[in-house]
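J.: Below: one structure in structure tokens.
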Amino acid sequence: MKEGTITLSIKELDRLKLVHEVEQGRISGVEAAKALGISTRQFKRIRKRHREKGDAGLAHRLRGRPSNRGIPQELRDKVIAIIREKYPDFGPTFASEKLEELHGIKLSGEAVRKLMIYAGLWKVKKRKERHRERRERRECFGELVQIDGSDHDWLEGRGPKMSLMAMIDDATSRVIARFFPAESTASVMETMRLWLEAYGRPQAVYADRHSIWVSMSGEAGERDEGDNTQMRRALKELSIDFIPARSPQAKGRVERLFETLQDRLVKELRLAGIDGIDGANGFLDGGYMEKHNKRFNVEPVRKANAHRRLGPGFDLDLILSKREDRVVQNDYTIRWHNRIFQIEKPAYPGLRRGRVEVAVKLDGSMEILFGGRKLKWHEIIDGTYASTCEHTSPGGGIEKNSSPSRKNKKKWIPPKDHPWKKYQPRLP
């Protein structure tokens, strides 16, 4: 509301009304001061300004003038220029951190947000109201760990496509992350191994219903909740419970982590000039994840650690491997990916015509297991020994096939005097 050329606030209009009431003799100055919640002396000063300057005298005397706590115009221009040149797509909080870290300018995130809005570098986001029931964090570190992968343009076109695998603790938000060419069973196993070696076995793992965790079965492609995938089998051997998430919102902890990393980590990789997966992983190990955990970790409700240690009974190399079943022939051989392997002595009861497991480890080496025992074996190529193995096979990766392919063998052509060529069909 305006009084003349001065706009008075609601509070100032209330004061003006009481001043008029006192001047007209309807109430006393003491009563007016009590109604406004101020001292009688202060009300007298207000009446004096009103007599000298009229209704405009009740307006705040700093109105229209720069704030005493405002940022100097020179600093405002400098900050806007820096953000416009180097951090145009940064969020206000992240930009304020970089201004302090790299330029020695300490401003709050809110101050930077207002400057970016003023300069047109940030738009006010309207929040949509969503009703969701809050799930409290687990109380102890290691009670529940969420794991997921994020396919994103992490290098902004400077290098190959990468997928970031991350595990985050539900109670503390502690994170372990690693870049891989794609989200796969092997990448999940390698990420899981990093967590197991660093902290031990968590109580439960929370993940989506990806085919890595939940197999497809039935003609309609219905999800099978059984533990018949490589990762579910590994979790069972590690005595770790599996909890499937039925929506992205259900695993909000790891989803929000990826939102943060897609904003911050992408820009950090850009500033560091990284253009490859090895450099990106080196950047994570070189201090970024430690800084991230220090910045975003929260204190758990209880100080107890729910992780269980990895005892000597847990062979991570075998547990985190890809297994395939094969039937042992009468001559104690098995066929696997167009290769033949001879199982050596001893011959355990039930081994002949029984089932064994071919385990391919993360480093590409192999084991053949029967009832939990590691068997001795060697590979046969063209009827001769190719390699002998006592529980390991150097370089025997799952994609490698050292035996000659049948397609490469020369096609046999019968000679001219072969009976097939001498045969003459009878004519009717």
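Identifiers in the structure tokens: chain A, B, ... in order shown; residue index from 1 per chain; ligand index from 1 in order shown.
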Taking only C-alpha atoms into account, produce a table as CSV in which each residue of segment 225-323 of chain A with an atom at most 7 Å from an atom of segment 138-150 of chain A appears once, together with its shortest atom pair and the distance in Å to one decimal, ordered by chain and rising number.
T.:
residue,atom,partner,partner_atom,distance
A:Val254,CA,A:Gln146,CA,6.3
A:Phe258,CA,A:Ser150,CA,7.0
A:Pro300,CA,A:Glu139,CA,5.8
A:Val301,CA,A:Glu139,CA,4.9
A:Arg302,CA,A:Cys140,CA,5.4
A:Lys303,CA,A:Cys140,CA,6.5
A:Ala304,CA,A:Cys140,CA,5.8
A:Asn305,CA,A:Phe141,CA,5.2
A:Ala306,CA,A:Gly142,CA,4.7
A:His307,CA,A:Gly142,CA,4.9
J.: Residues of segment 296-328 of chain A in helix (DSSP H, G or I) according to DSSP, as an NGL selection string?
T.: :A and (296 or 316-319)
J.: Got time to write the residues from that selection, C-alpha atoms, as a compact mmCIF listing (two decimals), in the first residue's frame?
T.:
# COMPACT_ATOMS: atom_id res chain seq x y z
CA PHE A 296 28.28 -36.22 3.21
CA LEU A 316 36.34 -64.53 -2.13
CA ASP A 317 38.03 -65.61 -5.35
CA LEU A 318 35.68 -68.58 -5.62
CA ILE A 319 32.58 -66.96 -4.14
J.: If we count only C-alpha atoms and set the cut-off at 8 Å, which residues sit around Leu375 of chain A, ignoring sequence neighbours fewer than 2 positions away in its own chain? Please answer as a list in words.
T.: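 The residues satisfying every condition are Ile343, Glu344, Glu367, Ile368, Leu369, Phe370, Arg373, Trp377, Glu390 and His391 of chain A.
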J.: Selected residues, N, CA and C atoms, written as a PDB file, in the first residue's frame, please.
T.:
ATOM      1  N   ILE A 343      39.700 -84.453 -16.281  1.00  0.00           N
ATOM      2  CA  ILE A 343      39.809 -84.435 -14.826  1.00  0.00           C
ATOM      3  C   ILE A 343      40.764 -85.535 -14.402  1.00  0.00           C
ATOM      4  N   GLU A 344      41.731 -85.186 -13.558  1.00  0.00           N
ATOM      5  CA  GLU A 344      42.754 -86.137 -13.139  1.00  0.00           C
ATOM      6  C   GLU A 344      42.337 -86.854 -11.845  1.00  0.00           C
ATOM      7  N   GLU A 367      38.583 -72.752 -12.000  1.00  0.00           N
ATOM      8  CA  GLU A 367      38.568 -73.878 -11.078  1.00  0.00           C
ATOM      9  C   GLU A 367      37.449 -74.806 -11.517  1.00  0.00           C
ATOM     10  N   ILE A 368      37.630 -76.112 -11.288  1.00  0.00           N
ATOM     11  CA  ILE A 368      36.559 -77.089 -11.488  1.00  0.00           C
ATOM     12  C   ILE A 368      36.257 -77.685 -10.116  1.00  0.00           C
ATOM     13  N   LEU A 369      35.000 -77.583  -9.693  1.00  0.00           N
ATOM     14  CA  LEU A 369      34.600 -77.963  -8.348  1.00  0.00           C
ATOM     15  C   LEU A 369      33.635 -79.148  -8.391  1.00  0.00           C
ATOM     16  N   PHE A 370      33.788 -80.026  -7.434  1.00  0.00           N
ATOM     17  CA  PHE A 370      32.862 -81.151  -7.263  1.00  0.00           C
ATOM     18  C   PHE A 370      32.567 -81.298  -5.772  1.00  0.00           C
ATOM     19  N   ARG A 373      34.906 -79.489  -3.537  1.00  0.00           N
ATOM     20  CA  ARG A 373      36.333 -79.814  -3.691  1.00  0.00           C
ATOM     21  C   ARG A 373      36.874 -79.227  -4.983  1.00  0.00           C
ATOM     22  N   TRP A 377      43.016 -80.880 -13.046  1.00  0.00           N
ATOM     23  CA  TRP A 377      42.579 -81.094 -14.420  1.00  0.00           C
ATOM     24  C   TRP A 377      43.619 -80.546 -15.385  1.00  0.00           C
ATOM     25  N   GLU A 390      46.662 -77.408 -11.141  1.00  0.00           N
ATOM     26  CA  GLU A 390      46.318 -77.745  -9.771  1.00  0.00           C
ATOM     27  C   GLU A 390      45.581 -76.561  -9.203  1.00  0.00           C
ATOM     28  N   HIS A 391      44.294 -76.547  -9.410  1.00  0.00           N
ATOM     29  CA  HIS A 391      43.372 -75.549  -8.884  1.00  0.00           C
ATOM     30  C   HIS A 391      43.429 -74.214  -9.607  1.00  0.00           C
TER      31      HIS A 391
END
J.: If you count only C-alpha atoms, which residues fall within 7 Å of segment 269-285 of chain A, apart from same-chain ones fewer than 2 positions away, as a VMD selection string?
T.: chain A and resid 155 158 to 160 178 to 179 265 to 267 287 to 289
J.: Could you save the residues just selected, with all heavy atoms, as an mmCIF file, in the first residue's frame?
T.:
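So again-v3.cif came out as:
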data_model
loop_
_atom_site.group_PDB
_atom_site.id
_atom_site.type_symbol
_atom_site.label_atom_id
_atom_site.label_comp_id
_atom_site.auth_asym_id
_atom_site.auth_seq_id
_atom_site.Cartn_x
_atom_site.Cartn_y
_atom_site.Cartn_z
ATOM 1 N N LEU A 155 32.199 -38.392 -18.792
ATOM 2 C CA LEU A 155 33.341 -37.650 -19.335
ATOM 3 C C LEU A 155 32.911 -36.581 -20.327
ATOM 4 O O LEU A 155 33.764 -35.957 -20.964
ATOM 5 C CB LEU A 155 34.327 -38.623 -20.001
ATOM 6 C CG LEU A 155 34.968 -39.653 -19.068
ATOM 7 C CD1 LEU A 155 35.879 -40.585 -19.853
ATOM 8 C CD2 LEU A 155 35.752 -38.969 -17.954
ATOM 9 N N ARG A 158 34.493 -36.645 -23.749
ATOM 10 C CA ARG A 158 35.953 -36.632 -23.885
ATOM 11 C C ARG A 158 36.542 -38.032 -23.961
ATOM 12 O O ARG A 158 37.714 -38.187 -24.296
ATOM 13 C CB ARG A 158 36.585 -35.896 -22.693
ATOM 14 C CG ARG A 158 36.205 -34.449 -22.553
ATOM 15 C CD ARG A 158 37.029 -33.770 -21.471
ATOM 16 N NE ARG A 158 36.945 -34.462 -20.206
ATOM 17 C CZ ARG A 158 35.973 -34.295 -19.316
ATOM 18 N NH1 ARG A 158 34.974 -33.471 -19.594
ATOM 19 N NH2 ARG A 158 35.966 -34.949 -18.173
ATOM 20 N N GLY A 159 35.785 -39.042 -23.603
ATOM 21 C CA GLY A 159 36.307 -40.405 -23.560
ATOM 22 C C GLY A 159 35.198 -41.419 -23.754
ATOM 23 O O GLY A 159 34.086 -41.074 -24.159
ATOM 24 N N PRO A 160 35.479 -42.683 -23.461
ATOM 25 C CA PRO A 160 34.495 -43.740 -23.689
ATOM 26 C C PRO A 160 33.339 -43.657 -22.694
ATOM 27 O O PRO A 160 33.411 -42.994 -21.661
ATOM 28 C CB PRO A 160 35.321 -45.021 -23.460
ATOM 29 C CG PRO A 160 36.394 -44.607 -22.507
ATOM 30 C CD PRO A 160 36.730 -43.188 -22.879
ATOM 31 N N ARG A 178 33.197 -47.186 -8.205
ATOM 32 C CA ARG A 178 34.195 -47.608 -9.196
ATOM 33 C C ARG A 178 33.591 -47.482 -10.590
ATOM 34 O O ARG A 178 32.407 -47.763 -10.789
ATOM 35 C CB ARG A 178 34.596 -49.061 -8.943
ATOM 36 C CG ARG A 178 35.906 -49.480 -9.580
ATOM 37 C CD ARG A 178 37.055 -48.976 -8.767
ATOM 38 N NE ARG A 178 38.341 -49.403 -9.294
ATOM 39 C CZ ARG A 178 39.485 -48.925 -8.872
ATOM 40 N NH1 ARG A 178 39.519 -48.010 -7.929
ATOM 41 N NH2 ARG A 178 40.628 -49.337 -9.368
ATOM 42 N N PHE A 179 34.399 -47.062 -11.552
ATOM 43 C CA PHE A 179 33.954 -46.973 -12.948
ATOM 44 C C PHE A 179 34.241 -48.287 -13.669
ATOM 45 O O PHE A 179 35.303 -48.892 -13.482
ATOM 46 C CB PHE A 179 34.653 -45.831 -13.676
ATOM 47 C CG PHE A 179 34.109 -44.479 -13.345
ATOM 48 C CD1 PHE A 179 34.847 -43.574 -12.598
ATOM 49 C CD2 PHE A 179 32.853 -44.095 -13.788
ATOM 50 C CE1 PHE A 179 34.353 -42.325 -12.295
ATOM 51 C CE2 PHE A 179 32.344 -42.845 -13.494
ATOM 52 C CZ PHE A 179 33.092 -41.955 -12.741
ATOM 53 N N LEU A 265 30.665 -34.859 -9.516
ATOM 54 C CA LEU A 265 31.786 -35.648 -10.025
ATOM 55 C C LEU A 265 32.067 -35.336 -11.488
ATOM 56 O O LEU A 265 33.234 -35.288 -11.908
ATOM 57 C CB LEU A 265 31.497 -37.138 -9.829
ATOM 58 C CG LEU A 265 32.584 -38.112 -10.303
ATOM 59 C CD1 LEU A 265 33.920 -37.790 -9.658
ATOM 60 C CD2 LEU A 265 32.169 -39.552 -10.003
ATOM 61 N N VAL A 266 31.018 -35.142 -12.290
ATOM 62 C CA VAL A 266 31.222 -34.805 -13.705
ATOM 63 C C VAL A 266 32.065 -33.543 -13.841
ATOM 64 O O VAL A 266 32.994 -33.473 -14.657
ATOM 65 C CB VAL A 266 29.855 -34.631 -14.402
ATOM 66 C CG1 VAL A 266 30.027 -33.987 -15.771
ATOM 67 C CG2 VAL A 266 29.166 -35.976 -14.564
ATOM 68 N N LYS A 267 31.772 -32.556 -13.025
ATOM 69 C CA LYS A 267 32.501 -31.287 -13.121
ATOM 70 C C LYS A 267 33.916 -31.418 -12.567
ATOM 71 O O LYS A 267 34.849 -30.778 -13.064
ATOM 72 C CB LYS A 267 31.717 -30.208 -12.381
ATOM 73 C CG LYS A 267 30.330 -29.961 -12.995
ATOM 74 C CD LYS A 267 29.523 -28.999 -12.167
ATOM 75 C CE LYS A 267 28.174 -28.704 -12.812
ATOM 76 N NZ LYS A 267 27.296 -29.901 -12.854
ATOM 77 N N GLY A 287 41.610 -39.490 -3.632
ATOM 78 C CA GLY A 287 41.151 -38.560 -2.611
ATOM 79 C C GLY A 287 39.739 -38.065 -2.778
ATOM 80 O O GLY A 287 39.159 -37.508 -1.837
ATOM 81 N N TYR A 288 39.147 -38.269 -3.974
ATOM 82 C CA TYR A 288 37.800 -37.729 -4.162
ATOM 83 C C TYR A 288 36.781 -38.436 -3.278
ATOM 84 O O TYR A 288 35.950 -37.782 -2.639
ATOM 85 C CB TYR A 288 37.365 -37.843 -5.630
ATOM 86 C CG TYR A 288 35.959 -37.315 -5.836
ATOM 87 C CD1 TYR A 288 35.728 -35.951 -5.964
ATOM 88 C CD2 TYR A 288 34.862 -38.169 -5.859
ATOM 89 C CE1 TYR A 288 34.446 -35.449 -6.117
ATOM 90 C CE2 TYR A 288 33.575 -37.682 -6.010
ATOM 91 C CZ TYR A 288 33.374 -36.325 -6.141
ATOM 92 O OH TYR A 288 32.095 -35.834 -6.278
ATOM 93 N N MET A 289 36.812 -39.787 -3.225
ATOM 94 C CA MET A 289 35.837 -40.504 -2.425
ATOM 95 C C MET A 289 36.025 -40.221 -0.941
ATOM 96 O O MET A 289 35.054 -40.135 -0.186
ATOM 97 C CB MET A 289 35.921 -42.008 -2.689
ATOM 98 C CG MET A 289 35.447 -42.428 -4.070
ATOM 99 S SD MET A 289 33.873 -41.691 -4.579
ATOM 100 C CE MET A 289 32.793 -42.140 -3.229
#
J.: Find the distance between atom CA of Val19 of chain A and atom CA of His50 of chain A and write it in Å to one decimal.
T.: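 Atom CA of His50 of chain A lies at a distance of 8.2 Å from atom CA of Val19 of chain A.
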J.: Given only C-alpha atoms as the basis, pick out the residue of A:Ser67, A:Ser321, A:Gln262, A:Thr191 nearest to Asp153 of chain A.
T.: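 With only C-alpha atoms as the atom set, the closest residue is A:Gln262.
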J.: What are the closest atom pairs, with distances in Å to one decimal, for all residues of segment 18-86 of chain A lying within 12 Å of segment 101-104 of chain A? Consider only C-alpha atoms, order rows by chain and residue number, and present the result as a Markdown table.
T.:
| residue | atom | partner | partner_atom | distance |
| --- | --- | --- | --- | --- |
| A:Lys78 | CA | A:His103 | CA | 10.7 |
| A:Val79 | CA | A:His103 | CA | 9.6 |
| A:Ile82 | CA | A:His103 | CA | 9.1 |
| A:Ile83 | CA | A:His103 | CA | 11.0 |
| A:Lys86 | CA | A:Leu102 | CA | 11.1 |
J.: Would you mind exporting the chosen residues as a compact mmCIF listing (two decimals), in the first residue's frame, restricted to N, CA and C atoms?
T.:
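Result went into selection-v8.txt, see below:
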# COMPACT_ATOMS: atom_id res chain seq x y z
N LYS A 78 32.82 -9.56 -9.64
CA LYS A 78 33.91 -10.52 -9.77
C LYS A 78 33.39 -11.95 -9.67
N VAL A 79 32.51 -12.20 -8.69
CA VAL A 79 31.97 -13.55 -8.50
C VAL A 79 31.14 -13.97 -9.70
N ILE A 82 33.45 -14.89 -12.59
CA ILE A 82 34.11 -16.19 -12.41
C ILE A 82 33.14 -17.34 -12.69
N ILE A 83 31.94 -17.22 -12.13
CA ILE A 83 30.95 -18.30 -12.33
C ILE A 83 30.56 -18.39 -13.79
N LYS A 86 33.76 -20.09 -15.61
CA LYS A 86 34.25 -21.42 -15.26
C LYS A 86 33.20 -22.37 -14.72
